[in-house]
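Shown below: data_4.txt, with compact mmCIF, C-alpha atoms.
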```txt
# COMPACT_ATOMS: atom_id res chain seq x y z
CA MET A 219 44.65 -59.47 31.53
CA ASP A 220 42.12 -59.79 28.69
CA ASN A 221 39.80 -57.39 30.49
CA PHE A 222 42.60 -54.85 30.80
CA LYS A 223 43.41 -55.19 27.10
CA ALA A 224 39.74 -54.75 26.18
CA PHE A 225 39.57 -51.66 28.39
CA GLY A 226 42.68 -50.31 26.67
CA ASN A 227 41.18 -50.92 23.23
CA SER A 228 38.00 -49.16 24.35
CA LEU A 229 39.96 -46.12 25.46
CA SER A 230 41.87 -46.13 22.19
CA SER A 231 38.60 -46.23 20.24
CA ILE A 232 37.19 -43.34 22.27
CA GLY A 233 40.41 -41.44 21.73
CA GLN A 234 40.15 -41.86 17.98
CA GLN A 235 36.63 -40.44 18.08
CA ILE A 236 37.50 -37.51 20.31
CA THR A 237 40.74 -36.51 18.59
CA PRO A 238 39.19 -35.08 15.37
CA PHE A 239 36.68 -33.09 17.40
CA ALA A 240 39.38 -31.86 19.75
CA SER A 241 41.59 -30.88 16.82
CA ARG A 242 38.78 -28.92 15.19
CA THR A 243 37.91 -27.23 18.47
CA PHE A 244 41.54 -26.29 19.04
CA GLN A 245 41.82 -24.90 15.49
CA TYR A 246 38.56 -22.95 15.87
CA THR A 247 39.72 -21.44 19.15
CA LYS A 248 43.04 -20.38 17.62
CA GLU A 249 41.18 -18.70 14.75
CA GLN A 250 38.87 -16.85 17.11
CA LEU A 251 41.87 -15.56 19.09
CA GLY A 252 43.83 -14.61 15.97
CA GLN A 253 46.46 -17.28 16.55
CA ALA A 254 45.86 -19.23 13.32
CA GLU A 255 48.44 -18.39 10.66
CA ASP A 256 46.86 -20.33 7.82
CA LYS A 257 43.15 -20.53 7.15
CA THR A 258 41.80 -22.24 4.07
CA GLU A 259 39.57 -19.82 2.21
CA LEU A 260 36.26 -20.94 0.79
CA PRO A 261 35.63 -20.20 -2.92
CA PRO A 262 33.81 -16.88 -3.60
CA ASP A 263 31.03 -18.72 -5.45
CA TYR A 264 30.50 -20.90 -2.40
CA ILE A 265 30.25 -17.86 -0.12
CA ASP A 266 27.71 -16.28 -2.49
CA LEU A 267 25.61 -19.45 -2.32
CA GLU A 268 25.74 -19.32 1.47
CA LYS A 269 24.48 -15.73 1.47
CA ARG A 270 21.63 -16.59 -0.88
CA VAL A 271 20.63 -19.59 1.21
CA ASP A 272 20.68 -17.47 4.37
CA ALA A 273 18.45 -14.89 2.67
CA LEU A 274 16.02 -17.60 1.53
CA LYS A 275 15.85 -18.97 5.07
CA GLN A 276 15.09 -15.52 6.49
CA VAL A 277 12.36 -15.04 3.87
CA HIS A 278 10.69 -18.31 4.89
CA GLN A 279 10.92 -17.44 8.58
CA LYS A 280 9.48 -13.94 8.11
CA MET A 281 6.63 -15.05 5.88
CA LEU A 282 5.70 -18.05 8.02
CA THR A 283 5.68 -15.91 11.16
CA VAL A 284 2.79 -13.96 9.64
CA THR A 285 1.01 -16.43 7.36
CA SER A 286 0.96 -19.18 10.00
CA GLN A 287 -2.04 -17.29 11.36
CA TYR A 288 -4.06 -19.05 8.67
CA SER A 289 -3.71 -22.16 10.85
CA HIS A 290 -5.62 -20.48 13.67
CA GLU A 291 -9.36 -20.30 13.09
CA ALA A 292 -9.93 -17.29 15.34
CA TYR A 293 -7.21 -15.03 13.93
CA ASP A 294 -9.77 -12.34 13.05
CA TYR A 295 -12.18 -13.01 15.92
CA PRO A 296 -12.60 -9.86 18.05
CA ALA A 297 -11.13 -10.27 21.53
CA ASN A 298 -13.86 -8.17 23.15
CA ILE A 299 -16.72 -10.49 22.12
CA LYS A 300 -18.33 -12.61 24.83
CA GLU A 301 -20.37 -15.41 23.28
CA SER A 302 -22.01 -18.14 25.31
CA PHE A 303 -22.07 -21.86 24.60
CA SER A 304 -25.65 -21.56 23.35
CA ASP A 305 -24.61 -18.77 20.98
CA LEU A 306 -22.20 -21.18 19.34
CA GLY A 307 -24.54 -24.18 19.47
CA ARG A 308 -26.06 -24.08 15.99
CA THR A 309 -25.38 -22.46 12.67
CA VAL A 310 -27.20 -19.28 11.72
CA SER A 311 -28.95 -21.18 8.92
CA GLU A 312 -30.26 -23.76 11.39
CA LYS A 313 -31.48 -21.05 13.74
CA VAL A 314 -33.27 -19.23 10.91
CA GLN A 315 -35.02 -22.50 10.02
CA LEU A 316 -36.14 -22.99 13.60
CA LEU A 317 -37.24 -19.37 13.85
CA SER A 318 -39.35 -19.66 10.72
CA ALA A 319 -41.34 -22.42 12.44
CA ALA A 320 -41.77 -20.49 15.71
CA THR A 321 -45.22 -19.04 16.36
CA THR A 322 -44.64 -17.38 19.74
CA PRO A 323 -41.88 -15.28 21.30
CA ALA A 324 -41.05 -18.18 23.60
CA GLU A 325 -40.56 -20.53 20.67
CA ALA A 326 -38.41 -17.93 18.94
CA GLN A 327 -36.22 -17.60 22.02
CA ALA A 328 -35.96 -21.38 22.26
CA ALA A 329 -34.85 -21.49 18.62
CA LEU A 330 -32.04 -19.05 19.35
CA THR A 331 -30.82 -21.08 22.33
CA ALA A 332 -31.43 -24.57 20.90
CA PRO A 333 -28.95 -27.18 22.12
CA PRO A 334 -26.04 -27.89 19.80
CA THR A 335 -26.28 -30.68 17.26
CA ALA A 336 -22.56 -30.78 16.43
CA LYS A 337 -19.32 -29.14 17.45
CA PRO A 338 -19.35 -25.44 18.45
CA GLN A 339 -19.64 -23.03 15.56
CA PRO A 340 -16.51 -21.36 14.16
CA LYS A 341 -15.05 -18.31 15.84
CA THR A 342 -14.36 -16.06 12.88
CA PHE A 343 -15.21 -12.39 12.47
CA SER A 344 -17.82 -13.12 9.80
CA HIS A 345 -19.46 -15.85 11.88
CA ALA A 346 -19.54 -13.50 14.86
CA ILE A 347 -21.22 -10.82 12.72
CA ALA A 348 -23.73 -13.43 11.53
CA ARG A 349 -24.67 -14.42 15.07
CA ALA A 350 -24.88 -10.80 16.24
CA SER A 351 -27.02 -9.86 13.21
CA LEU A 352 -29.47 -12.72 13.76
CA ALA A 353 -29.82 -11.95 17.47
CA SER A 354 -30.37 -8.27 16.65
CA SER A 355 -32.96 -9.19 14.04
CA GLN A 356 -34.92 -11.20 16.59
CA LEU A 357 -34.80 -8.38 19.13
CA LEU A 358 -36.47 -6.10 16.59
CA HIS A 359 -39.00 -8.76 15.54
CA GLN A 360 -40.02 -9.35 19.14
CA GLN A 361 -40.68 -5.66 19.73
CA HIS A 362 -42.32 -4.97 16.37
CA THR A 363 -46.03 -4.21 16.69
CA GLY A 364 -46.86 -2.61 13.35
CA ALA A 365 -48.19 -4.16 10.18
CA GLY A 366 -45.85 -6.31 8.12
CA GLU A 367 -42.25 -6.95 9.08
CA ASP A 368 -39.67 -4.57 10.43
CA PRO A 369 -37.45 -3.83 7.38
CA LEU A 370 -34.31 -3.49 9.48
CA ALA A 371 -35.02 -6.80 11.19
CA THR A 372 -35.52 -8.44 7.79
CA ALA A 373 -32.31 -6.94 6.45
CA LEU A 374 -30.33 -8.05 9.49
CA GLU A 375 -31.56 -11.63 9.13
CA LYS A 376 -30.51 -11.72 5.48
CA TYR A 377 -27.18 -10.13 6.38
CA ALA A 378 -26.70 -12.81 9.04
CA LEU A 379 -27.14 -15.60 6.49
CA VAL A 380 -24.73 -13.92 4.07
CA SER A 381 -22.14 -13.28 6.80
CA GLU A 382 -22.16 -16.95 7.71
CA ARG A 383 -21.49 -17.83 4.06
CA LEU A 384 -18.59 -15.35 4.08
CA GLY A 385 -17.20 -17.04 7.18
CA GLU A 386 -17.41 -20.46 5.54
CA ALA A 387 -15.65 -19.09 2.47
CA ARG A 388 -12.88 -17.78 4.68
CA LEU A 389 -12.46 -21.18 6.33
CA ALA A 390 -12.27 -22.80 2.90
CA GLN A 391 -9.56 -20.31 1.93
CA ASP A 392 -7.61 -21.07 5.10
CA ALA A 393 -7.77 -24.82 4.48
CA GLN A 394 -6.37 -24.35 0.96
CA ILE A 395 -3.59 -22.08 2.23
CA GLN A 396 -2.64 -24.55 4.93
CA SER A 397 -2.34 -27.48 2.54
CA ARG A 398 -1.00 -25.74 -0.55
CA TYR A 399 1.22 -23.00 0.87
CA LEU A 400 2.02 -23.40 4.57
CA ALA A 401 2.83 -27.11 4.28
CA GLY A 402 5.21 -26.49 1.37
CA TRP A 403 7.04 -23.56 2.92
CA THR A 404 7.31 -25.33 6.27
CA THR A 405 8.82 -28.36 4.54
CA THR A 406 11.32 -26.17 2.70
CA LEU A 407 12.34 -24.49 5.96
CA ASN A 408 12.51 -27.60 8.14
CA THR A 409 13.83 -30.05 5.56
CA ASN A 410 15.50 -28.57 2.47
CA LEU A 411 17.12 -25.62 4.22
CA MET A 412 18.05 -27.84 7.15
CA PHE A 413 19.88 -30.18 4.76
CA ALA A 414 21.75 -27.17 3.38
CA THR A 415 22.70 -26.08 6.90
CA ARG A 416 23.95 -29.58 7.70
CA ALA A 417 26.01 -29.71 4.50
CA ARG A 418 27.58 -26.33 5.31
CA LYS A 419 28.48 -27.55 8.80
CA ASN A 420 30.20 -30.56 7.24
CA VAL A 421 32.23 -28.17 5.06
CA GLU A 422 33.26 -26.15 8.10
CA LYS A 423 34.26 -29.33 9.95
CA ALA A 424 36.33 -30.49 6.97
CA ARG A 425 38.00 -27.07 6.70
CA LEU A 426 38.89 -26.99 10.40
CA THR A 427 40.23 -30.53 10.16
CA LEU A 428 42.34 -29.63 7.12
CA ASP A 429 43.78 -26.52 8.75
CA SER A 430 44.48 -28.34 12.01
CA VAL A 431 46.32 -31.09 10.10
CA LYS A 432 48.36 -28.48 8.21
CA SER A 433 49.16 -26.61 11.39
CA ARG A 434 50.20 -29.75 13.22
CA ALA A 435 52.30 -30.98 10.29
CA LYS A 436 54.13 -27.67 10.02
CA GLY A 437 54.82 -27.60 13.73
CA ASN A 438 52.77 -24.46 14.48
CA THR A 439 52.09 -24.12 18.19
CA TRP A 440 49.92 -21.95 20.36
CA LYS A 441 51.41 -18.50 20.84
CA ILE A 442 50.58 -16.16 23.72
CA GLY A 443 51.12 -12.43 23.60
CA ALA A 444 52.95 -10.72 20.76
CA ASN A 445 53.89 -12.61 17.67
CA SER A 446 57.11 -14.48 18.28
CA PRO A 447 59.71 -15.05 15.60
CA ARG A 448 58.53 -17.80 13.34
CA ASP A 449 60.64 -20.64 12.15
CA ASP A 450 60.00 -20.69 8.43
CA HIS A 451 62.08 -23.78 7.84
CA HIS A 452 58.96 -25.95 8.06
CA ASN A 453 57.29 -26.03 4.68
CA THR A 454 55.56 -28.56 2.49
CA GLU A 455 58.87 -29.65 0.97
CA GLU A 456 60.14 -30.75 4.40
CA LEU A 457 56.98 -32.62 5.37
CA SER A 458 57.25 -36.33 5.95
CA PRO A 459 55.42 -38.62 3.54
CA GLU A 460 52.99 -39.51 6.34
CA ALA A 461 52.20 -35.83 7.03
CA GLN A 462 51.84 -35.07 3.33
CA GLU A 463 49.46 -38.02 2.95
CA GLU A 464 47.40 -36.84 5.91
CA ILE A 465 47.12 -33.34 4.43
CA GLU A 466 46.10 -34.68 1.03
CA LYS A 467 43.46 -36.88 2.65
CA ALA A 468 42.06 -33.89 4.56
CA GLU A 469 42.10 -31.79 1.37
CA ASP A 470 40.19 -34.48 -0.52
CA GLU A 471 37.57 -34.59 2.24
CA PHE A 472 37.28 -30.80 2.22
CA VAL A 473 36.78 -30.74 -1.56
CA THR A 474 34.22 -33.55 -1.37
CA GLN A 475 32.20 -31.84 1.36
CA THR A 476 32.36 -28.50 -0.45
CA GLU A 477 31.13 -29.97 -3.73
CA GLU A 478 28.32 -31.78 -1.92
CA ALA A 479 27.26 -28.60 -0.11
CA VAL A 480 27.29 -26.65 -3.37
CA GLY A 481 24.95 -29.22 -4.91
CA VAL A 482 22.59 -29.13 -1.93
CA MET A 483 22.48 -25.33 -1.80
CA LYS A 484 21.90 -25.01 -5.56
CA ASN A 485 19.06 -27.50 -5.31
CA VAL A 486 17.43 -25.46 -2.51
CA LEU A 487 17.83 -22.20 -4.42
CA ASP A 488 16.73 -23.52 -7.82
CA THR A 489 13.65 -25.51 -6.79
CA PRO A 490 10.42 -23.90 -8.05
CA GLU A 491 8.46 -25.15 -5.05
CA PRO A 492 8.45 -21.92 -2.94
CA LEU A 493 7.17 -19.81 -5.83
CA ARG A 494 4.62 -22.47 -6.72
CA ASN A 495 3.41 -22.46 -3.12
CA LEU A 496 3.20 -18.66 -3.13
CA ALA A 497 1.09 -18.83 -6.29
CA GLU A 498 -1.25 -21.21 -4.45
CA LEU A 499 -1.52 -18.70 -1.60
CA VAL A 500 -2.51 -15.92 -3.99
CA ALA A 501 -4.95 -18.21 -5.81
CA ALA A 502 -6.67 -19.16 -2.54
CA GLN A 503 -6.97 -15.51 -1.53
CA LEU A 504 -8.29 -14.56 -4.97
CA GLU A 505 -10.89 -17.32 -4.88
CA TYR A 506 -12.02 -16.21 -1.42
CA HIS A 507 -12.37 -12.55 -2.38
CA LYS A 508 -14.17 -13.40 -5.62
CA LYS A 509 -16.56 -15.63 -3.69
CA SER A 510 -17.09 -12.90 -1.11
CA ALA A 511 -17.83 -10.36 -3.84
CA GLU A 512 -20.37 -12.71 -5.42
CA ILE A 513 -22.10 -13.33 -2.09
CA LEU A 514 -22.27 -9.63 -1.21
CA SER A 515 -23.43 -8.79 -4.74
CA GLU A 516 -26.46 -11.01 -4.13
CA LEU A 517 -27.26 -9.26 -0.87
CA ALA A 518 -26.61 -5.63 -1.82
CA PRO A 519 -29.66 -5.13 -4.12
CA ILE A 520 -31.94 -6.80 -1.55
CA ILE A 521 -30.78 -4.49 1.24
CA GLU A 522 -31.01 -1.53 -1.10
CA GLY A 523 -34.55 -2.50 -2.04
CA LEU A 524 -35.59 -2.70 1.60
CA GLN A 525 -33.96 0.66 2.26
CA VAL A 526 -35.69 2.35 -0.71
CA GLU A 527 -39.04 0.91 0.33
CA GLN A 528 -38.62 2.02 3.91
CA GLU A 529 -37.58 5.52 2.84
CA ALA A 530 -40.61 5.79 0.57
CA ASN A 531 -42.93 4.70 3.38
CA TYR A 532 -41.24 7.17 5.71
CA ARG A 533 -41.76 10.07 3.31
CA LYS A 534 -45.37 9.03 2.73
CA SER A 535 -46.03 8.95 6.47
CA ARG A 536 -44.51 12.41 6.86
CA GLU A 537 -46.66 13.77 4.03
CA ASN A 538 -49.82 12.29 5.54
CA ALA A 539 -48.90 13.72 8.93
CA SER A 540 -48.60 17.21 7.47
```
Let me see whether you can do it: turn the structure in this file into structure tokens.
Amino acid sequence: MDNFKAFGNSLSSIGQQITPFASRTFQYTKEQLGQAEDKTELPPDYIDLEKRVDALKQVHQKMLTVTSQYSHEAYDYPANIKESFSDLGRTVSEKVQLLSAATTPAEAQAALTAPPTAKPQPKTFSHAIARASLASSQLLHQQHTGAGEDPLATALEKYALVSERLGEARLAQDAQIQSRYLAGWTTTLNTNLMFATRARKNVEKARLTLDSVKSRAKGNTWKIGANSPRDDHHNTEELSPEAQEEIEKAEDEFVTQTEEAVGVMKNVLDTPEPLRNLAELVAAQLEYHKKSAEILSELAPIIEGLQVEQEANYRKSRENAS
């Protein structure tokens, strides 16, 4: 007997949990089919906040879809490049050091293919240019038979060192963007905006509950087909005290949830964090481009000097030949 009573209490408890959900679902279905006669309207200011929050969410999604590439090291690495494990074994700077100590072509080749001392080198466009430039420089050095050094080979080696520095600057930029911009915008999207979405869902649940209580108290039933004559004798004045109390309780809950959602949405919209994060993104890009300009400014006059010297030697050789 006790077991039966416990089972009955369990069913009653489950019923109490299911009933609000079922009532909301029934009310929602009636609204979708145009059968709901009364639907509580949300305040215009609340609707405006919803639109602004939706726009902010779309902005975060669009921007993160693109800027999340900063989390992938090889986002600018050419797909058509085929580099071996030995190509990625050491930095260009390390290879140049080894090459400077080489006295034979065999030693130079060994320097280029030296076993790695750490993790594989980064796969960025600038690092790829650095490796290609150094390898090209060595090809010219190995085939050079004239006096002095091949000016193009010398220029390519210097360009290789500079390109590696550009690649490292880019990686530093990416690290700053990941920590100062991507992390912040991802948090706003997955936390702050999610809280706003949850608060809005609570408002919708409270509204459906309120309207279902009103509909049930007024005796509105499901209607199929054309609108049937409505008995207008049921109004708030004829409601029982119990029904009136239930409606007031649902109204209080609706107001509470609406006020809470307004507060959450305003907080999401007013926080300066997204703009602060965007400023960090711009600052990281600016620092990278300034650094790149400084690095290239150091190289440009050296390359130009080599080019002027080579052109002068070329003209001199042509004059002597004539």
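Remark: for A:Ile265, the closest of the candidate residues A:Pro492, A:Arg418, A:Asp429, A:Lys423 is A:Arg418 (distances computed over only C-alpha atoms).
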Handout entry: atom CA of A:Ala502 to atom CA of A:Gln394, straight-line distance in Å
Key = 6.3 Å
Problem - Computed interatomic separation between atom CA of A:Ser381 and atom CA of A:Leu400 (Å) - result: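 Interatomic distance here is 26.3 Å.
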Exercise for the section: Could you tell me which of A:Glu516, A:Thr404, A:Ser433, A:Glu466 comes closest to A:Leu379 if we count all atoms listed in the file? Expected result: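 Answer, going by the shortest atom-to-atom distance: A:Glu516.
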Handout entry: Distance criterion (all atoms listed in the file): nearest to A:His290 out of A:Pro340, A:Gly523, A:Pro490, A:Gly481
Key = A:Pro340
Exercise for the section: Excluding A:His278 and any residue of its chain fewer than 2 positions from it, enumerate the residues within 9 Å of it, using only C-alpha atoms, and give them as a list in words. Expected result: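 Contacts, in chain order: Ala273, Leu274, Lys275, Gln276, Lys280, Met281, Leu282, Thr283, Trp403, Thr404, Thr406, Leu407 and Pro492 of chain A.
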